[in-house]
Every structure is written in structure tokens, then in C-alpha cells.
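Okay, upload02.pdb now, which holds PDB, C-alpha atoms:
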```pdb
ATOM      1  CA  MET A  49       0.000   0.000   0.000  1.00  0.00           C
ATOM      2  CA  TYR A  50       2.774   2.471   0.849  1.00  0.00           C
ATOM      3  CA  ARG A  51       4.725   1.873  -2.364  1.00  0.00           C
ATOM      4  CA  PHE A  52       2.131   3.503  -4.624  1.00  0.00           C
ATOM      5  CA  PRO A  53       2.631   7.100  -3.361  1.00  0.00           C
ATOM      6  CA  ARG A  54       6.402   6.695  -3.586  1.00  0.00           C
ATOM      7  CA  LEU A  55       6.065   5.512  -7.173  1.00  0.00           C
ATOM      8  CA  LEU A  56       3.927   8.549  -7.969  1.00  0.00           C
ATOM      9  CA  LEU A  57       6.482  10.815  -6.313  1.00  0.00           C
ATOM     10  CA  ALA A  58       9.312   9.135  -8.222  1.00  0.00           C
ATOM     11  CA  ALA A  59       7.332   9.607 -11.439  1.00  0.00           C
ATOM     12  CA  ALA A  60       6.760  13.274 -10.618  1.00  0.00           C
ATOM     13  CA  ILE A  61      10.458  13.685  -9.911  1.00  0.00           C
ATOM     14  CA  ALA A  62      11.348  11.954 -13.192  1.00  0.00           C
ATOM     15  CA  VAL A  63       9.009  14.249 -15.152  1.00  0.00           C
ATOM     16  CA  GLY A  64      10.519  17.304 -13.449  1.00  0.00           C
ATOM     17  CA  THR A  65      14.101  16.204 -14.068  1.00  0.00           C
ATOM     18  CA  GLY A  66      13.534  14.545 -17.442  1.00  0.00           C
ATOM     19  CA  SER A  67      14.910  11.188 -16.274  1.00  0.00           C
ATOM     20  CA  ALA A  68      14.021   8.424 -13.845  1.00  0.00           C
ATOM     21  CA  ALA A  69      17.709   7.653 -13.449  1.00  0.00           C
ATOM     22  CA  GLY A  70      18.945   9.405 -10.357  1.00  0.00           C
ATOM     23  CA  ALA A  71      15.387  10.228  -9.222  1.00  0.00           C
ATOM     24  CA  SER A  72      15.432  10.563  -5.471  1.00  0.00           C
ATOM     25  CA  LEU A  73      12.995  11.417  -2.741  1.00  0.00           C
ATOM     26  CA  LEU A  74      15.391  14.246  -1.922  1.00  0.00           C
ATOM     27  CA  ASP A  75      15.112  15.697  -5.445  1.00  0.00           C
ATOM     28  CA  TYR A  76      11.468  16.510  -4.748  1.00  0.00           C
ATOM     29  CA  VAL A  77      10.305  20.125  -5.112  1.00  0.00           C
ATOM     30  CA  GLY A  78       6.737  20.909  -4.080  1.00  0.00           C
ATOM     31  CA  GLN A  79       4.387  20.948  -1.107  1.00  0.00           C
ATOM     32  CA  CYS A  80       5.013  19.228   2.229  1.00  0.00           C
ATOM     33  CA  VAL A  81       1.911  16.987   2.112  1.00  0.00           C
ATOM     34  CA  PRO A  82       2.751  14.796  -0.928  1.00  0.00           C
ATOM     35  CA  PHE A  83       6.335  14.573   0.303  1.00  0.00           C
ATOM     36  CA  ALA A  84       5.336  13.446   3.828  1.00  0.00           C
ATOM     37  CA  ARG A  85       2.864  10.939   2.420  1.00  0.00           C
ATOM     38  CA  ALA A  86       5.514   9.407   0.130  1.00  0.00           C
ATOM     39  CA  ALA A  87       8.256   9.437   2.778  1.00  0.00           C
ATOM     40  CA  SER A  88       6.124   7.942   5.573  1.00  0.00           C
ATOM     41  CA  GLY A  89       3.591   5.743   3.787  1.00  0.00           C
ATOM     42  CA  ILE A  90       0.786   7.416   5.754  1.00  0.00           C
ATOM     43  CA  GLU A  91      -2.185   7.725   3.392  1.00  0.00           C
ATOM     44  CA  ILE A  92      -3.789  11.020   4.406  1.00  0.00           C
ATOM     45  CA  TYR A  93      -4.750  13.795   1.980  1.00  0.00           C
ATOM     46  CA  GLY A  94      -5.700  17.446   2.358  1.00  0.00           C
ATOM     47  CA  ASP A  95      -4.095  20.439   4.038  1.00  0.00           C
ATOM     48  CA  ALA A  96      -1.327  19.594   6.498  1.00  0.00           C
ATOM     49  CA  TRP A  97      -3.138  20.943   9.561  1.00  0.00           C
ATOM     50  CA  THR A  98      -6.077  18.545   8.897  1.00  0.00           C
ATOM     51  CA  TRP A  99      -3.927  15.422   9.156  1.00  0.00           C
ATOM     52  CA  TRP A 100      -4.234  15.194  12.948  1.00  0.00           C
ATOM     53  CA  ARG A 101      -8.027  14.991  12.860  1.00  0.00           C
ATOM     54  CA  GLN A 102      -8.030  12.719   9.817  1.00  0.00           C
ATOM     55  CA  ALA A 103      -5.664  10.267  11.517  1.00  0.00           C
ATOM     56  CA  ASP A 104      -8.070   9.741  14.441  1.00  0.00           C
ATOM     57  CA  GLY A 105      -9.221   6.112  14.347  1.00  0.00           C
ATOM     58  CA  ARG A 106      -7.009   5.310  11.329  1.00  0.00           C
ATOM     59  CA  TYR A 107      -3.490   5.669  12.708  1.00  0.00           C
ATOM     60  CA  GLN A 108      -1.935   5.862  16.152  1.00  0.00           C
ATOM     61  CA  ARG A 109      -1.617   9.482  17.353  1.00  0.00           C
ATOM     62  CA  THR A 110       0.852  10.285  20.139  1.00  0.00           C
ATOM     63  CA  HIS A 111       3.023  13.007  21.614  1.00  0.00           C
ATOM     64  CA  ALA A 112       6.191  10.925  21.345  1.00  0.00           C
ATOM     65  CA  PRO A 113       8.303  10.952  18.175  1.00  0.00           C
ATOM     66  CA  LYS A 114       9.625   7.855  16.460  1.00  0.00           C
ATOM     67  CA  VAL A 115      11.390   7.334  13.155  1.00  0.00           C
ATOM     68  CA  GLY A 116       8.929   7.409  10.272  1.00  0.00           C
ATOM     69  CA  SER A 117       6.180   9.202  12.170  1.00  0.00           C
ATOM     70  CA  VAL A 118       4.676  12.400  10.791  1.00  0.00           C
ATOM     71  CA  ILE A 119       4.641  15.499  12.973  1.00  0.00           C
ATOM     72  CA  VAL A 120       1.636  17.736  12.346  1.00  0.00           C
ATOM     73  CA  PHE A 121       2.040  21.493  12.762  1.00  0.00           C
ATOM     74  CA  ALA A 122      -1.081  23.502  13.584  1.00  0.00           C
ATOM     75  CA  LYS A 123      -2.508  26.124  11.236  1.00  0.00           C
ATOM     76  CA  THR A 124      -1.250  29.608  12.208  1.00  0.00           C
ATOM     77  CA  GLY A 125      -0.867  33.019  10.613  1.00  0.00           C
ATOM     78  CA  ARG A 126       2.647  32.038   9.514  1.00  0.00           C
ATOM     79  CA  LEU A 127       1.520  28.542   8.454  1.00  0.00           C
ATOM     80  CA  PRO A 128      -1.975  28.996   7.014  1.00  0.00           C
ATOM     81  CA  MET A 129      -2.027  25.391   5.742  1.00  0.00           C
ATOM     82  CA  GLY A 130      -0.057  23.950   8.665  1.00  0.00           C
ATOM     83  CA  HIS A 131       2.950  21.764   7.926  1.00  0.00           C
ATOM     84  CA  VAL A 132       3.840  18.078   8.034  1.00  0.00           C
ATOM     85  CA  ALA A 133       7.280  16.512   8.247  1.00  0.00           C
ATOM     86  CA  VAL A 134       8.655  13.018   8.815  1.00  0.00           C
ATOM     87  CA  ILE A 135      10.897  12.113  11.759  1.00  0.00           C
ATOM     88  CA  SER A 136      14.210  10.791  10.426  1.00  0.00           C
ATOM     89  CA  ARG A 137      16.167  10.385  13.707  1.00  0.00           C
ATOM     90  CA  VAL A 138      15.471  10.640  17.417  1.00  0.00           C
ATOM     91  CA  VAL A 139      18.559  12.301  18.890  1.00  0.00           C
ATOM     92  CA  GLU A 140      17.413  12.650  22.491  1.00  0.00           C
ATOM     93  CA  LYS A 141      14.320  13.441  24.562  1.00  0.00           C
ATOM     94  CA  ARG A 142      13.794  16.963  23.195  1.00  0.00           C
ATOM     95  CA  VAL A 143      15.731  16.868  19.919  1.00  0.00           C
ATOM     96  CA  VAL A 144      14.880  14.975  16.747  1.00  0.00           C
ATOM     97  CA  MET A 145      15.810  15.278  13.113  1.00  0.00           C
ATOM     98  CA  LEU A 146      13.187  15.478  10.424  1.00  0.00           C
ATOM     99  CA  THR A 147      13.058  15.266   6.680  1.00  0.00           C
ATOM    100  CA  HIS A 148      10.537  17.493   4.944  1.00  0.00           C
ATOM    101  CA  ALA A 149       9.778  19.677   1.939  1.00  0.00           C
ATOM    102  CA  ASN A 150       8.775  23.296   1.426  1.00  0.00           C
ATOM    103  CA  TRP A 151      10.309  24.884   4.519  1.00  0.00           C
ATOM    104  CA  SER A 152      13.606  26.681   3.849  1.00  0.00           C
ATOM    105  CA  ARG A 153      14.493  28.486   0.649  1.00  0.00           C
ATOM    106  CA  GLN A 154      17.131  26.883  -1.536  1.00  0.00           C
ATOM    107  CA  ASN A 155      18.539  28.922  -4.375  1.00  0.00           C
ATOM    108  CA  GLY A 156      15.885  31.525  -3.610  1.00  0.00           C
ATOM    109  CA  GLU A 157      12.882  29.207  -3.913  1.00  0.00           C
ATOM    110  CA  ARG A 158      10.724  27.168  -1.564  1.00  0.00           C
ATOM    111  CA  GLY A 159       9.560  23.599  -1.993  1.00  0.00           C
ATOM    112  CA  HIS A 160      12.822  21.669  -1.866  1.00  0.00           C
ATOM    113  CA  ALA A 161      13.270  18.594   0.296  1.00  0.00           C
ATOM    114  CA  GLU A 162      15.620  18.829   3.286  1.00  0.00           C
ATOM    115  CA  GLN A 163      17.073  15.818   5.080  1.00  0.00           C
ATOM    116  CA  ASP A 164      17.942  15.477   8.804  1.00  0.00           C
ATOM    117  CA  VAL A 165      16.863  18.956   9.923  1.00  0.00           C
ATOM    118  CA  THR A 166      16.954  19.734  13.657  1.00  0.00           C
ATOM    119  CA  LEU A 167      13.613  19.992  15.459  1.00  0.00           C
ATOM    120  CA  PHE A 168      13.672  21.118  19.091  1.00  0.00           C
ATOM    121  CA  ASP A 169      10.855  20.683  21.619  1.00  0.00           C
ATOM    122  CA  VAL A 170      10.453  24.012  23.440  1.00  0.00           C
ATOM    123  CA  SER A 171       7.128  23.198  25.098  1.00  0.00           C
ATOM    124  CA  PRO A 172       6.956  24.038  28.814  1.00  0.00           C
ATOM    125  CA  HIS A 173       5.824  20.497  29.723  1.00  0.00           C
ATOM    126  CA  ASN A 174       8.195  18.607  27.380  1.00  0.00           C
ATOM    127  CA  ASP A 175       5.219  17.285  25.391  1.00  0.00           C
ATOM    128  CA  TRP A 176       6.195  18.355  21.862  1.00  0.00           C
ATOM    129  CA  SER A 177       3.310  20.830  21.665  1.00  0.00           C
ATOM    130  CA  ARG A 178       5.622  23.723  20.679  1.00  0.00           C
ATOM    131  CA  VAL A 179       8.763  23.425  18.554  1.00  0.00           C
ATOM    132  CA  LYS A 180      11.559  25.329  16.854  1.00  0.00           C
ATOM    133  CA  VAL A 181      12.792  24.187  13.446  1.00  0.00           C
ATOM    134  CA  TRP A 182      16.221  24.541  11.847  1.00  0.00           C
ATOM    135  CA  TYR A 183      15.911  27.051   9.019  1.00  0.00           C
ATOM    136  CA  LYS A 184      18.438  27.127   6.169  1.00  0.00           C
ATOM    137  CA  ASP A 185      17.879  30.848   5.538  1.00  0.00           C
ATOM    138  CA  VAL A 186      19.432  31.700   8.931  1.00  0.00           C
ATOM    139  CA  ASP A 187      21.629  28.580   9.105  1.00  0.00           C
ATOM    140  CA  GLY A 188      20.229  27.684  12.528  1.00  0.00           C
ATOM    141  CA  LEU A 189      17.058  27.367  14.518  1.00  0.00           C
ATOM    142  CA  GLY A 190      14.588  29.938  13.293  1.00  0.00           C
ATOM    143  CA  GLY A 191      13.099  32.521  15.619  1.00  0.00           C
ATOM    144  CA  GLY A 192       9.551  31.198  15.336  1.00  0.00           C
ATOM    145  CA  ILE A 193       7.924  28.822  17.774  1.00  0.00           C
ATOM    146  CA  TYR A 194       5.295  26.618  16.156  1.00  0.00           C
ATOM    147  CA  PRO A 195       2.341  24.848  17.803  1.00  0.00           C
ATOM    148  CA  VAL A 196       2.150  21.138  17.043  1.00  0.00           C
ATOM    149  CA  TYR A 197      -0.738  18.666  17.376  1.00  0.00           C
ATOM    150  CA  GLY A 198       1.497  15.607  17.750  1.00  0.00           C
ATOM    151  CA  PHE A 199       2.864  12.617  15.865  1.00  0.00           C
ATOM    152  CA  ILE A 200       1.055  10.173  13.596  1.00  0.00           C
ATOM    153  CA  HIS A 201       2.579   6.698  13.547  1.00  0.00           C
ATOM    154  CA  GLY A 202       1.987   4.631  10.428  1.00  0.00           C
ATOM    155  CA  ASP A 203       2.249   0.922   9.778  1.00  0.00           C
ATOM    156  CA  ALA A 204       4.349   1.225   6.618  1.00  0.00           C
ATOM    157  CA  ARG A 205       8.104   1.195   6.472  1.00  0.00           C
ATOM    158  CA  PRO A 206       9.385   4.756   5.885  1.00  0.00           C
ATOM    159  CA  ALA A 207      11.402   5.639   2.801  1.00  0.00           C
ATOM    160  CA  ALA A 208      15.035   4.523   2.838  1.00  0.00           C
ATOM    161  CA  GLU A 209      16.210   8.078   2.080  1.00  0.00           C
ATOM    162  CA  LEU A 210      14.561   9.497   5.180  1.00  0.00           C
ATOM    163  CA  THR A 211      17.945   9.899   6.864  1.00  0.00           C
ATOM    164  CA  SER A 212      21.538  10.109   5.746  1.00  0.00           C
ATOM    165  CA  ARG A 213      24.165   7.558   6.685  1.00  0.00           C
ATOM    166  CA  ASN A 214      25.923   9.992   8.996  1.00  0.00           C
ATOM    167  CA  PRO A 215      23.493  12.561  10.374  1.00  0.00           C
ATOM    168  CA  ASP A 216      25.064  15.314  12.453  1.00  0.00           C
ATOM    169  CA  TYR A 217      23.838  14.456  15.952  1.00  0.00           C
ATOM    170  CA  VAL A 218      26.308  16.870  17.510  1.00  0.00           C
ATOM    171  CA  GLY A 219      25.203  19.657  15.202  1.00  0.00           C
ATOM    172  CA  ALA A 220      21.560  18.934  16.052  1.00  0.00           C
ATOM    173  CA  LEU A 221      22.317  19.171  19.763  1.00  0.00           C
ATOM    174  CA  ILE A 222      24.317  22.371  19.301  1.00  0.00           C
ATOM    175  CA  ASP A 223      21.516  23.870  17.202  1.00  0.00           C
ATOM    176  CA  ALA A 224      19.009  23.084  19.938  1.00  0.00           C
ATOM    177  CA  TYR A 225      20.908  23.886  23.109  1.00  0.00           C
ATOM    178  CA  VAL A 226      23.413  26.606  22.220  1.00  0.00           C
ATOM    179  CA  PRO A 227      21.610  29.865  21.380  1.00  0.00           C
ATOM    180  CA  GLY A 228      23.020  31.686  18.399  1.00  0.00           C
ATOM    181  CA  SER A 229      25.191  28.794  17.243  1.00  0.00           C
TER     182      SER A 229
END
```
Turn this file's structure into C-alpha cells for me.
Amino acid sequence: MYRFPRLLLAAAIAVGTGSAAGASLLDYVGQCVPFARAASGIEIYGDAWTWWRQADGRYQRTHAPKVGSVIVFAKTGRLPMGHVAVISRVVEKRVVMLTHANWSRQNGERGHAEQDVTLFDVSPHNDWSRVKVWYKDVDGLGGGIYPVYGFIHGDARPAAELTSRNPDYVGALIDAYVPGS
């Protein structure tokens, strides 16, 4: 069941690049929702902020991250459609890495996929209800704090390219715990 969206994403990538050879999940340019669906195997459609409600009764919803789960950002003025991203590594209790699309600008445009990005839980009760996200434009954790509904755990195996072979755990910890680094 989870292979179909990945095949569609690979086909979309091939059309955009002109070749299926070298097509990669990380070559994706577009919205966060199709990317998260393909990377996680979680079959939910619609605006990112609606995923939490849609997952009720279909998938396990928690406030604890695990590799392959989708984190659902709430709809806000800065994120009118919300945002979804896939957990690629759990570094420690309040720091994870995620892989997502359409967050930072790359070469002046949004939509690109980013792998192993630092996500830091800044919620007062350590419940992942408020987070800070690494932002390429400032080369560190952005200044915004984003409300989060929680994590959706799927049954499918996440995409192999969700994480790199050597993610920068130390860099993720520095990003999270050393202001201005």
C-alpha cells in the first residue's frame, strides 16, 4: 500500500528532471503533504493541519516521536495550511531530526526537500506541543515557535532516504541547546 505514493512521487520527480535515473525522494520540489505521504507511507490527503483529525481512528496518534512518524504542525498566521514533516532520527528526549519539503528556501525558492533537519521541543511540559525548526535561511534554529498537534505513527516502512548515513547528531544538539550557534 505504501509503495504507490512513492512511485507517484518518483514519477513526478522523473518528469521534473527529465529522467528516472537518479530520481530521489530528496530531489522533490513541491508541497510538504505529498512529500510526507511518500516518505512515511501514511495515506492522508488534504491540508497539512487537517492530518491530525483525519488520523483519528485510522493511525496511532501520540506526543512521542519515532522514526517514520509524521509530525503535524497547527494552522497559524505564519503557516496557514499547517505543515507536516517526517521524523528521520530521534537524537534525544527533546531533539529529533526530520526530513521534509517546502520549509527553507534553496537557491531563492521554496519547496525543496531537506534531510535530517533539527527539530527542538520548546514546550513548557516537554510534550512536543511547541517546537523550533532549523531554518536554512538563517543557518540555525529559526526565531519562530510553532504549535504542534502531535505525531502520527503509520504501519508502513518509511522511505530509505529518510535519513543520511551519517546525520550530524552533535550539530543537532548544538543547534538546539546553544543559542546563536
- Message: Report, in Å to a single decimal, how far apart atom CA of A:Asp203 and atom CA of A:Ser72 are.
- Response: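 Those two atoms sit 22.3 Å apart.
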- Hey, what's within 10 Å of stretch 217-219 of chain A if we count all atoms listed in the file and toss same-chain stuff fewer than 5 positions away? As a VMD selection string, please? chain A and resid 137 to 140 143 to 145 164 to 166 188 224 to 225 229
Please return as an mmCIF file with C-alpha atoms, in the coordinates of the input every residue within 10 Å of (5.3, 22.5, 23.5), taking into account only C-alpha atoms and the file's own coordinates.
```
data_model
loop_
_atom_site.group_PDB
_atom_site.id
_atom_site.type_symbol
_atom_site.label_atom_id
_atom_site.label_comp_id
_atom_site.auth_asym_id
_atom_site.auth_seq_id
_atom_site.Cartn_x
_atom_site.Cartn_y
_atom_site.Cartn_z
ATOM 1 C CA HIS A 111 3.023 13.007 21.614
ATOM 2 C CA PHE A 168 13.672 21.118 19.091
ATOM 3 C CA ASP A 169 10.855 20.683 21.619
ATOM 4 C CA VAL A 170 10.453 24.012 23.440
ATOM 5 C CA SER A 171 7.128 23.198 25.098
ATOM 6 C CA PRO A 172 6.956 24.038 28.814
ATOM 7 C CA HIS A 173 5.824 20.497 29.723
ATOM 8 C CA ASN A 174 8.195 18.607 27.380
ATOM 9 C CA ASP A 175 5.219 17.285 25.391
ATOM 10 C CA TRP A 176 6.195 18.355 21.862
ATOM 11 C CA SER A 177 3.310 20.830 21.665
ATOM 12 C CA ARG A 178 5.622 23.723 20.679
ATOM 13 C CA VAL A 179 8.763 23.425 18.554
ATOM 14 C CA LYS A 180 11.559 25.329 16.854
ATOM 15 C CA ILE A 193 7.924 28.822 17.774
ATOM 16 C CA TYR A 194 5.295 26.618 16.156
ATOM 17 C CA PRO A 195 2.341 24.848 17.803
ATOM 18 C CA VAL A 196 2.150 21.138 17.043
ATOM 19 C CA TYR A 197 -0.738 18.666 17.376
ATOM 20 C CA GLY A 198 1.497 15.607 17.750
#
```
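For stretch 207-213 of chain A, the residues within 9 Å (counting all atoms listed in the file, excluding itself and residues fewer than 4 positions away along the chain) are Arg54, Ser72, Leu73, Leu74, Ala86, Ala87, Ser88, Gly89, Val115, Gly116, Val134, Ile135, Ser136, Arg137, Met145, Leu146, Thr147, His148, Gln163 and Asp164 of chain A.
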Writing out the chosen residues with C-alpha atoms as a PDB file, in the coordinates of the input:
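Written output follows (out-v6.pdb):
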```pdb
ATOM      1  CA  ARG A  54       6.402   6.695  -3.586  1.00  0.00           C
ATOM      2  CA  SER A  72      15.432  10.563  -5.471  1.00  0.00           C
ATOM      3  CA  LEU A  73      12.995  11.417  -2.741  1.00  0.00           C
ATOM      4  CA  LEU A  74      15.391  14.246  -1.922  1.00  0.00           C
ATOM      5  CA  ALA A  86       5.514   9.407   0.130  1.00  0.00           C
ATOM      6  CA  ALA A  87       8.256   9.437   2.778  1.00  0.00           C
ATOM      7  CA  SER A  88       6.124   7.942   5.573  1.00  0.00           C
ATOM      8  CA  GLY A  89       3.591   5.743   3.787  1.00  0.00           C
ATOM      9  CA  VAL A 115      11.390   7.334  13.155  1.00  0.00           C
ATOM     10  CA  GLY A 116       8.929   7.409  10.272  1.00  0.00           C
ATOM     11  CA  VAL A 134       8.655  13.018   8.815  1.00  0.00           C
ATOM     12  CA  ILE A 135      10.897  12.113  11.759  1.00  0.00           C
ATOM     13  CA  SER A 136      14.210  10.791  10.426  1.00  0.00           C
ATOM     14  CA  ARG A 137      16.167  10.385  13.707  1.00  0.00           C
ATOM     15  CA  MET A 145      15.810  15.278  13.113  1.00  0.00           C
ATOM     16  CA  LEU A 146      13.187  15.478  10.424  1.00  0.00           C
ATOM     17  CA  THR A 147      13.058  15.266   6.680  1.00  0.00           C
ATOM     18  CA  HIS A 148      10.537  17.493   4.944  1.00  0.00           C
ATOM     19  CA  GLN A 163      17.073  15.818   5.080  1.00  0.00           C
ATOM     20  CA  ASP A 164      17.942  15.477   8.804  1.00  0.00           C
TER      21      ASP A 164
END
```
Would you mind listing what lies within 9 Å of A:Gln154 as a short mmCIF file (atom, residue, chain, number, x, y, z; two decimals) with C-alpha atoms, in the coordinates of the input, with only C-alpha atoms counted and same-chain residues fewer than 3 positions away left out?
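Now in out_1.cif:
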```cif
data_model
loop_
_atom_site.label_atom_id
_atom_site.label_comp_id
_atom_site.auth_asym_id
_atom_site.auth_seq_id
_atom_site.Cartn_x
_atom_site.Cartn_y
_atom_site.Cartn_z
CA GLU A 157 12.88 29.21 -3.91
CA ARG A 158 10.72 27.17 -1.56
CA GLY A 159 9.56 23.60 -1.99
CA HIS A 160 12.82 21.67 -1.87
CA LYS A 184 18.44 27.13 6.17
CA ASP A 185 17.88 30.85 5.54
#
```
- Across A:Gly192, A:Trp182, A:Leu221, A:Tyr93, the smallest distance to A:Ser152, with all atoms listed in the file counted, is shown by A:Trp182
Axis-aligned box over every listed atom of stretch 191-199 of chain A, padded by 4 Å per side: centre and edges in Å to one decimal, as AutoDock Vina command-line options?
```
--center_x 6.2 --center_y 22.6 --center_z 16.6 --size_x 21.8 --size_y 27.9 --size_z 10.5
```
- Distance in Å - atom CA of A:Gly78 versus atom CA of A:Trp151: 10.1 Å
- Take the PyMOL selection byres ((chain A and resi 124) around 12), apply it to the structure above, and return the hits as a PyMOL selection string. chain A and resi 96-97+121-123+125-131+192-196
- Taking the file as shown, what set of residues would the PyMOL selection byres ((chain A and resi 94) around 12) give back, as a PyMOL selection string? chain A and resi 79-82+84-85+91-93+95-103+129-132
- Task: State, in Å with one decimal place, the distance from atom CA of A:Val77 to atom CA of A:Gly190.
- Result: 21.3 Å
Please, could N, CA and C atoms be added to stretch 152-164 of chain A and the result written as a compact mmCIF listing (two decimals), in the coordinates of the input?
```txt
# COMPACT_ATOMS: atom_id res chain seq x y z
N SER A 152 12.57 25.67 4.12
CA SER A 152 13.61 26.68 3.85
C SER A 152 13.67 27.00 2.36
N ARG A 153 14.23 28.15 2.05
CA ARG A 153 14.49 28.49 0.65
C ARG A 153 15.83 27.86 0.26
N GLN A 154 15.88 27.37 -0.97
CA GLN A 154 17.13 26.88 -1.54
C GLN A 154 17.25 27.52 -2.91
N ASN A 155 18.35 28.18 -3.13
CA ASN A 155 18.54 28.92 -4.38
C ASN A 155 17.39 29.90 -4.61
N GLY A 156 16.90 30.50 -3.52
CA GLY A 156 15.88 31.52 -3.61
C GLY A 156 14.46 31.03 -3.76
N GLU A 157 14.24 29.71 -3.75
CA GLU A 157 12.88 29.21 -3.91
C GLU A 157 12.52 28.19 -2.84
N ARG A 158 11.24 28.12 -2.54
CA ARG A 158 10.72 27.17 -1.56
C ARG A 158 10.35 25.86 -2.27
N GLY A 159 10.08 24.85 -1.46
CA GLY A 159 9.56 23.60 -1.99
C GLY A 159 10.54 22.44 -1.94
N HIS A 160 11.82 22.73 -1.84
CA HIS A 160 12.82 21.67 -1.87
C HIS A 160 12.76 20.78 -0.63
N ALA A 161 13.16 19.54 -0.81
CA ALA A 161 13.27 18.59 0.30
C ALA A 161 14.55 18.90 1.09
N GLU A 162 14.47 18.69 2.40
CA GLU A 162 15.62 18.83 3.29
C GLU A 162 15.69 17.59 4.17
N GLN A 163 16.87 17.05 4.33
CA GLN A 163 17.07 15.82 5.08
C GLN A 163 17.76 16.10 6.41
N ASP A 164 17.32 15.42 7.48
CA ASP A 164 17.94 15.48 8.80
C ASP A 164 18.07 16.90 9.33
```
